Amino acid sequence: MNFEITGKLILKESTQDISASFKKREFVIEVENERNSEWNDFIKFQLTQDRCSAVDSVNEGQLIKVSFNIRGRKWEKDGKVNYFSNLEAWRIEPVGSQVPPAEISAGYQQTDIPPAEEGDDLPF
């Protein structure tokens, strides 16, 4: 399953060598809650192996689009079964410069809309 989400890069951690054959790197984005900014989501992703460098080209505070898969595993130790999930990023793209809403409205000028012609039967 492939998913995409856009958010602001908050944290990028260093690459961790888990074993001789496995390395990972984690990063966090903040996704804005449209109803209340106090409830923004902070989502942690994982990059693995040769993808660990994918986050190098973006800076903290930058808006990015993350393409990712949801990966789930079953882990058993000492007779106890655990399950865990990872959001495994496979592509990171910077999102073009965003103009804050205040700046958009400040530069907006309403133009007069001409009246409809007689006999125009369009409802809008």
# chains A, B, ... in the order shown; residues from 1 in each chain; ligands from 1

call {"tool": "residues_around", "arguments": {"residues": "Arg91 (chain A)", "least_positions_apart": "4", "cutoff": "7 Å", "atoms": "only C-alpha atoms", "output": "JSON, numbers by chain"}}
result
{"A": [54, 66, 67]}

call {"tool": "residues_around", "arguments": {"residues": "Val58 (chain A)", "least_positions_apart": "3", "cutoff": "9 Å", "atoms": "only C-alpha atoms", "output": "list in words"}}
result
Leu9, Ala54, Val55, Gly61, Gln62, Leu63, Ile64, Ile92, Glu93 and Pro94 of chain A

call {"tool": "write_last_selection", "arguments": {"atoms": "N, CA and C atoms", "output": "short mmCIF file (atom, residue, chain, number, x, y, z; two decimals), in the first residue's frame"}}
result
data_model
loop_
_atom_site.label_atom_id
_atom_site.label_comp_id
_atom_site.auth_asym_id
_atom_site.auth_seq_id
_atom_site.Cartn_x
_atom_site.Cartn_y
_atom_site.Cartn_z
N LEU A 9 8.87 19.45 7.94
CA LEU A 9 9.93 18.65 8.55
C LEU A 9 10.33 19.28 9.89
N ALA A 54 17.82 10.06 1.73
CA ALA A 54 16.75 10.77 1.04
C ALA A 54 16.35 12.07 1.74
N VAL A 55 16.55 12.16 3.04
CA VAL A 55 16.16 13.35 3.80
C VAL A 55 17.29 14.40 3.84
N GLY A 61 12.01 22.56 9.01
CA GLY A 61 11.15 23.72 8.79
C GLY A 61 10.59 23.79 7.38
N GLN A 62 11.11 22.96 6.49
CA GLN A 62 10.68 22.96 5.09
C GLN A 62 9.45 22.07 4.92
N LEU A 63 8.55 22.47 4.04
CA LEU A 63 7.36 21.69 3.72
C LEU A 63 7.75 20.60 2.73
N ILE A 64 7.38 19.35 3.04
CA ILE A 64 7.75 18.22 2.18
C ILE A 64 6.56 17.30 1.97
N ILE A 92 10.96 11.44 -0.70
CA ILE A 92 10.73 12.73 -0.04
C ILE A 92 10.92 13.81 -1.09
N GLU A 93 9.90 14.67 -1.23
CA GLU A 93 9.97 15.74 -2.21
C GLU A 93 9.67 17.07 -1.53
N PRO A 94 10.50 18.09 -1.77
CA PRO A 94 10.17 19.41 -1.25
C PRO A 94 8.93 19.94 -1.96
#

call {"tool": "residues_around", "arguments": {"residues": "Arg73 (chain A)", "least_positions_apart": "3", "cutoff": "8 Å", "atoms": "only C-alpha atoms", "output": "short mmCIF file (atom, residue, chain, number, x, y, z; two decimals) with C-alpha atoms, in the first residue's frame"}}
result
data_model
loop_
_atom_site.label_atom_id
_atom_site.label_comp_id
_atom_site.auth_asym_id
_atom_site.auth_seq_id
_atom_site.Cartn_x
_atom_site.Cartn_y
_atom_site.Cartn_z
CA TYR A 83 3.16 -6.57 16.91
CA PHE A 84 4.56 -3.31 15.63
CA SER A 85 4.05 -1.00 12.67
#

call {"tool": "closest_residue", "arguments": {"among": "A:Thr48, A:Thr6, A:Ser14, A:Asn86", "to": "Ile29 (chain A)", "atoms": "only C-alpha atoms"}}
result
A:Thr6

call {"tool": "closest_residue", "arguments": {"among": "A:Asn40, A:Asn82, A:Asn69, A:Thr15", "to": "Cys52 (chain A)", "atoms": "only C-alpha atoms"}}
result
A:Thr15

call {"tool": "atom_distance", "arguments": {"atom1": "CA of Lys23 (chain A)", "atom2": "CA of Gln49 (chain A)"}}
result
5.3 Å

call {"tool": "residues_around", "arguments": {"residues": "Phe42 (chain A)", "least_positions_apart": "3", "cutoff": "9 Å", "atoms": "only C-alpha atoms", "output": "list in words"}}
result
Ile10, Val28, Ile29, Glu30, Val31 and Glu32 of chain A

call {"tool": "decode", "arguments": {"residues": "region 27-73 of chain A", "atoms": "N, CA and C atoms", "output": "CSV table (one decimal), in the first residue's frame"}}
result
chain,number,residue,atom,x,y,z
A,27,PHE,N,12.8,10.4,10.8
A,27,PHE,CA,12.5,11.8,10.8
A,27,PHE,C,11.0,12.0,11.1
A,28,VAL,N,10.7,13.3,11.5
A,28,VAL,CA,9.4,13.6,12.0
A,28,VAL,C,8.9,14.8,11.2
A,29,ILE,N,7.6,14.7,10.8
A,29,ILE,CA,6.9,15.9,10.2
A,29,ILE,C,5.7,16.3,11.0
A,30,GLU,N,5.4,17.6,10.9
A,30,GLU,CA,4.2,18.1,11.6
A,30,GLU,C,3.1,18.3,10.5
A,31,VAL,N,2.0,17.7,10.7
A,31,VAL,CA,0.9,17.8,9.8
A,31,VAL,C,-0.2,18.7,10.4
A,32,GLU,N,-0.5,19.7,9.8
A,32,GLU,CA,-1.5,20.7,10.4
A,32,GLU,C,-2.9,20.2,10.5
A,33,ASN,N,-3.5,20.4,11.6
A,33,ASN,CA,-4.9,20.0,11.8
A,33,ASN,C,-5.7,21.2,11.4
A,34,GLU,N,-6.6,21.0,10.4
A,34,GLU,CA,-7.3,22.2,9.8
A,34,GLU,C,-8.3,22.8,10.8
A,35,ARG,N,-8.8,22.1,11.8
A,35,ARG,CA,-9.7,22.6,12.7
A,35,ARG,C,-9.1,23.4,13.9
A,36,ASN,N,-7.9,22.8,14.4
A,36,ASN,CA,-7.3,23.4,15.5
A,36,ASN,C,-5.8,23.2,15.5
A,37,SER,N,-5.0,24.2,15.3
A,37,SER,CA,-3.5,24.0,15.2
A,37,SER,C,-2.9,23.5,16.5
A,38,GLU,N,-3.6,23.5,17.6
A,38,GLU,CA,-3.1,22.9,18.8
A,38,GLU,C,-3.1,21.4,18.8
A,39,TRP,N,-3.8,20.9,17.8
A,39,TRP,CA,-3.9,19.4,17.7
A,39,TRP,C,-3.2,18.9,16.5
A,40,ASN,N,-2.2,19.6,16.0
A,40,ASN,CA,-1.4,19.1,14.9
A,40,ASN,C,-0.8,17.7,15.2
A,41,ASP,N,-0.7,16.9,14.1
A,41,ASP,CA,-0.1,15.6,14.3
A,41,ASP,C,1.4,15.6,14.0
A,42,PHE,N,2.2,14.9,14.8
A,42,PHE,CA,3.6,14.8,14.6
A,42,PHE,C,3.8,13.3,14.3
A,43,ILE,N,4.3,13.1,13.0
A,43,ILE,CA,4.3,11.7,12.5
A,43,ILE,C,5.8,11.4,12.2
A,44,LYS,N,6.2,10.2,12.8
A,44,LYS,CA,7.6,9.7,12.7
A,44,LYS,C,7.6,8.7,11.5
A,45,PHE,N,8.6,8.9,10.6
A,45,PHE,CA,8.8,8.0,9.5
A,45,PHE,C,10.2,7.3,9.7
A,46,GLN,N,10.4,6.3,9.0
A,46,GLN,CA,11.7,5.5,9.0
A,46,GLN,C,12.1,5.4,7.5
A,47,LEU,N,13.4,5.6,7.3
A,47,LEU,CA,14.1,5.4,6.1
A,47,LEU,C,15.1,4.2,6.3
A,48,THR,N,15.2,3.3,5.4
A,48,THR,CA,16.1,2.2,5.6
A,48,THR,C,17.1,2.0,4.5
A,49,GLN,N,18.2,1.4,4.8
A,49,GLN,CA,19.3,1.0,3.9
A,49,GLN,C,19.7,2.2,3.0
A,50,ASP,N,19.7,2.1,1.7
A,50,ASP,CA,20.2,3.1,0.8
A,50,ASP,C,19.3,4.3,0.7
A,51,ARG,N,18.1,4.3,1.3
A,51,ARG,CA,17.2,5.4,1.3
A,51,ARG,C,17.5,6.4,2.5
A,52,CYS,N,18.4,6.0,3.4
A,52,CYS,CA,18.7,6.9,4.5
A,52,CYS,C,19.1,8.3,4.1
A,53,SER,N,19.7,8.5,3.0
A,53,SER,CA,20.1,9.8,2.6
A,53,SER,C,19.0,10.6,1.9
A,54,ALA,N,17.8,10.1,1.7
A,54,ALA,CA,16.7,10.8,1.0
A,54,ALA,C,16.4,12.1,1.7
A,55,VAL,N,16.6,12.2,3.0
A,55,VAL,CA,16.2,13.3,3.8
A,55,VAL,C,17.3,14.4,3.8
A,56,ASP,N,18.5,14.1,3.3
A,56,ASP,CA,19.6,15.0,3.3
A,56,ASP,C,19.3,16.3,2.6
A,57,SER,N,18.5,16.2,1.5
A,57,SER,CA,18.3,17.4,0.6
A,57,SER,C,17.3,18.4,1.1
A,58,VAL,N,16.6,18.1,2.2
A,58,VAL,CA,15.6,19.0,2.8
A,58,VAL,C,16.1,19.5,4.1
A,59,ASN,N,15.6,20.7,4.5
A,59,ASN,CA,16.0,21.3,5.8
A,59,ASN,C,14.8,21.3,6.8
A,60,GLU,N,15.1,21.2,8.0
A,60,GLU,CA,14.1,21.3,9.1
A,60,GLU,C,13.3,22.6,8.9
A,61,GLY,N,12.0,22.6,9.0
A,61,GLY,CA,11.2,23.7,8.8
A,61,GLY,C,10.6,23.8,7.4
A,62,GLN,N,11.1,23.0,6.5
A,62,GLN,CA,10.7,23.0,5.1
A,62,GLN,C,9.5,22.1,4.9
A,63,LEU,N,8.6,22.5,4.0
A,63,LEU,CA,7.4,21.7,3.7
A,63,LEU,C,7.8,20.6,2.7
A,64,ILE,N,7.4,19.3,3.0
A,64,ILE,CA,7.7,18.2,2.2
A,64,ILE,C,6.6,17.3,2.0
A,65,LYS,N,6.6,16.5,0.9
A,65,LYS,CA,5.7,15.5,0.6
A,65,LYS,C,6.4,14.2,0.8
A,66,VAL,N,5.8,13.3,1.6
A,66,VAL,CA,6.4,12.0,1.9
A,66,VAL,C,5.6,10.9,1.3
A,67,SER,N,6.2,10.1,0.5
A,67,SER,CA,5.6,8.8,0.0
A,67,SER,C,6.0,7.7,0.8
A,68,PHE,N,5.1,6.9,1.3
A,68,PHE,CA,5.5,5.9,2.3
A,68,PHE,C,4.6,4.6,2.2
A,69,ASN,N,5.0,3.6,2.8
A,69,ASN,CA,4.3,2.3,3.0
A,69,ASN,C,4.1,2.1,4.5
A,70,ILE,N,3.0,1.4,4.8
A,70,ILE,CA,2.8,1.0,6.2
A,70,ILE,C,3.3,-0.5,6.3
A,71,ARG,N,4.2,-0.7,7.2
A,71,ARG,CA,4.8,-2.1,7.3
A,71,ARG,C,4.5,-2.6,8.7
A,72,GLY,N,4.0,-3.8,8.8
A,72,GLY,CA,3.7,-4.4,10.1
A,72,GLY,C,4.5,-5.7,10.3
A,73,ARG,N,4.9,-5.9,11.5
A,73,ARG,CA,5.6,-7.2,11.8
A,73,ARG,C,5.1,-7.8,13.1
